[in-house]
Amino acid sequence: MTKLIQRNAAKILAISLMLLTGVASALPSAEELKDEKQLQSDRTTLKADKETLKHDEKTRKHDKSSGRMSGESKDGMKVDDDKHNIKNEKTVIADDKNGSAQKKQDKANLKIEKGQLKTDEAQLKADQRSGNANAMSADDQKIKSDKNAIEQDKARIVKDKEKLKLDEKK
């Protein structure tokens with residue numbers, strides 16, 4: 001009990017001395033405390049966004065390896081469909097009788113499918129160069145969003161630090 005009284009007495013004495021000597025102005029203001037809490041909050045948000053990015057990158061890797069739709073872009077799916085159609089058309093042509101009208105029609109369809117493949121590949125490349133969302137999978141779009149959020153978090157932290165420096169100068 002006496003130790004508790006001594007500890008509290010020491011605190012009261014220290015506070016009294018600070019008030020008498022003017023050292024109380026060295027205590028952080030309400031604005032500084034608010035800015036410090038904001039900085040801490042932004043750091044926590046940054047940490048959470050980095051974890052989200054890590055998770056989304058793992059998901060993308062898994063989706064691509066397992067062939068899921070969310071791991072494939074719209075343009076990429078068109079190209080894959082075209083390749084699949086060409087493969088199927090070649091199988092059908094192999095089964096057709098030589099010189100038959102059906103074989104001629106299937107060869108014409110194959111030529112059309114190959115043209116469509118070239119068109120879709122060109123579109124995919126153009127969209128990739130321009131950053132069009134059609135060239136990005138759903139997983140890639142999430143990752144891009146996560147990276148943007150991280151950059152914004154970092155910018156807020158820099159502003160918070162600058163604000164704290166200004167508060168200290170006051």
# chains A, B, ... in the order shown; residues from 1 in each chain; ligands from 1
>>> residues_around(residues="Ala30 of chain A", least_positions_apart="6", cutoff="12 Å", atoms="only C-alpha atoms", output="PDB file with C-alpha atoms, in the first residue's frame")
ATOM      1  CA  GLU A  36      -0.742  10.235 -34.428  1.00  0.00           C
ATOM      2  CA  LYS A  37      -3.865   8.056 -34.242  1.00  0.00           C
ATOM      3  CA  LEU A 164       2.975  15.517 -37.416  1.00  0.00           C
ATOM      4  CA  ASP A 167       2.380  19.938 -35.366  1.00  0.00           C
ATOM      5  CA  GLU A 168       5.710  19.552 -33.563  1.00  0.00           C
TER       6      GLU A 168
END
>>> residues_around(residues="segment 106-116 of chain A", least_positions_apart="6", cutoff="7 Å", atoms="only C-alpha atoms", output="VMD selection string")
chain A and resid 82 85 to 86 89 93
>>> residues_around(residues="Arg68 of chain A", least_positions_apart="3", cutoff="12 Å", atoms="only C-alpha atoms", output="list of chain:residue names")
A:Thr59, A:Arg60, A:Lys61, A:His62, A:Asp63, A:Lys64, A:Ser65, A:Gly71, A:Glu72, A:Ser73, A:Met77, A:Ser137, A:Ala138, A:Asp139
>>> write_last_selection(atoms="C-alpha atoms", output="PDB file, in the first residue's frame")
ATOM      1  CA  THR A  59      -5.574 -17.023 -55.640  1.00  0.00           C
ATOM      2  CA  ARG A  60      -4.502 -15.891 -59.116  1.00  0.00           C
ATOM      3  CA  LYS A  61      -1.679 -18.419 -59.193  1.00  0.00           C
ATOM      4  CA  HIS A  62      -4.048 -21.202 -58.135  1.00  0.00           C
ATOM      5  CA  ASP A  63      -6.763 -20.143 -60.601  1.00  0.00           C
ATOM      6  CA  LYS A  64      -4.321 -20.004 -63.511  1.00  0.00           C
ATOM      7  CA  SER A  65      -2.849 -23.405 -62.718  1.00  0.00           C
ATOM      8  CA  GLY A  71      -7.709 -16.661 -63.944  1.00  0.00           C
ATOM      9  CA  GLU A  72      -8.391 -15.875 -67.604  1.00  0.00           C
ATOM     10  CA  SER A  73      -9.143 -12.548 -69.307  1.00  0.00           C
ATOM     11  CA  MET A  77     -10.882 -16.798 -73.325  1.00  0.00           C
ATOM     12  CA  SER A 137      -8.450 -11.546 -65.665  1.00  0.00           C
ATOM     13  CA  ALA A 138     -10.712 -10.933 -62.679  1.00  0.00           C
ATOM     14  CA  ASP A 139      -7.816 -11.964 -60.449  1.00  0.00           C
TER      15      ASP A 139
END
>>> atom_distance(atom1="atom CA of Asp35 of chain A", atom2="atom CA of Asp160 of chain A")
6.6 Å
>>> residues_around(residues="Ala122 of chain A", least_positions_apart="6", cutoff="12 Å", atoms="only C-alpha atoms", output="PyMOL selection string")
chain A and resi 75-76+78-79+115-116+128-129+135
>>> write_last_selection(atoms="N, CA and C atoms", output="PDB file, in the first residue's frame")
ATOM      1  N   ASP A  75     -10.468 -11.504 -73.348  1.00  0.00           N
ATOM      2  CA  ASP A  75      -9.798 -11.678 -74.643  1.00  0.00           C
ATOM      3  C   ASP A  75      -9.056 -13.008 -74.688  1.00  0.00           C
ATOM      4  N   GLY A  76      -8.453 -13.385 -73.586  1.00  0.00           N
ATOM      5  CA  GLY A  76      -7.745 -14.662 -73.521  1.00  0.00           C
ATOM      6  C   GLY A  76      -8.681 -15.836 -73.709  1.00  0.00           C
ATOM      7  N   LYS A  78     -11.443 -15.765 -75.478  1.00  0.00           N
ATOM      8  CA  LYS A  78     -11.811 -15.805 -76.897  1.00  0.00           C
ATOM      9  C   LYS A  78     -10.735 -16.537 -77.702  1.00  0.00           C
ATOM     10  N   VAL A  79      -9.474 -16.224 -77.415  1.00  0.00           N
ATOM     11  CA  VAL A  79      -8.369 -16.878 -78.118  1.00  0.00           C
ATOM     12  C   VAL A  79      -8.390 -18.381 -77.839  1.00  0.00           C
ATOM     13  N   GLY A 115      -8.923 -17.234 -89.231  1.00  0.00           N
ATOM     14  CA  GLY A 115      -8.992 -15.771 -89.353  1.00  0.00           C
ATOM     15  C   GLY A 115      -9.487 -15.134 -88.062  1.00  0.00           C
ATOM     16  N   GLN A 116     -10.482 -15.765 -87.452  1.00  0.00           N
ATOM     17  CA  GLN A 116     -11.016 -15.253 -86.181  1.00  0.00           C
ATOM     18  C   GLN A 116      -9.954 -15.325 -85.086  1.00  0.00           C
ATOM     19  N   GLN A 128      -3.782  -5.535 -74.179  1.00  0.00           N
ATOM     20  CA  GLN A 128      -2.698  -5.646 -73.194  1.00  0.00           C
ATOM     21  C   GLN A 128      -1.815  -4.410 -73.223  1.00  0.00           C
ATOM     22  N   ARG A 129      -1.491  -3.933 -74.414  1.00  0.00           N
ATOM     23  CA  ARG A 129      -0.648  -2.725 -74.537  1.00  0.00           C
ATOM     24  C   ARG A 129      -1.333  -1.505 -73.950  1.00  0.00           C
ATOM     25  N   ALA A 135      -8.244  -7.367 -71.285  1.00  0.00           N
ATOM     26  CA  ALA A 135      -7.025  -8.167 -71.360  1.00  0.00           C
ATOM     27  C   ALA A 135      -6.575  -8.628 -69.977  1.00  0.00           C
TER      28      ALA A 135
END
>>> atom_distance(atom1="atom CA of Asn134 of chain A", atom2="atom CA of Asp120 of chain A")
11.5 Å
>>> atom_distance(atom1="atom CA of Leu46 of chain A", atom2="atom CA of Asn132 of chain A")
26.8 Å
>>> closest_residue(among="A:Leu166, A:Met136, A:Ile157, A:Ile143", to="Thr52 of chain A", atoms="only C-alpha atoms")
A:Ile143
>>> select_by_dssp(residues="segment 84-139 of chain A", states="alpha helix (DSSP H)", output="PyMOL selection string")
chain A and resi 84-95+101-130+138-139
>>> residues_around(residues="Ser145 of chain A", least_positions_apart="4", cutoff="12 Å", atoms="only C-alpha atoms", output="PyMOL selection string")
chain A and resi 49-50+52-53+56-57+133+136+138-141+149-152
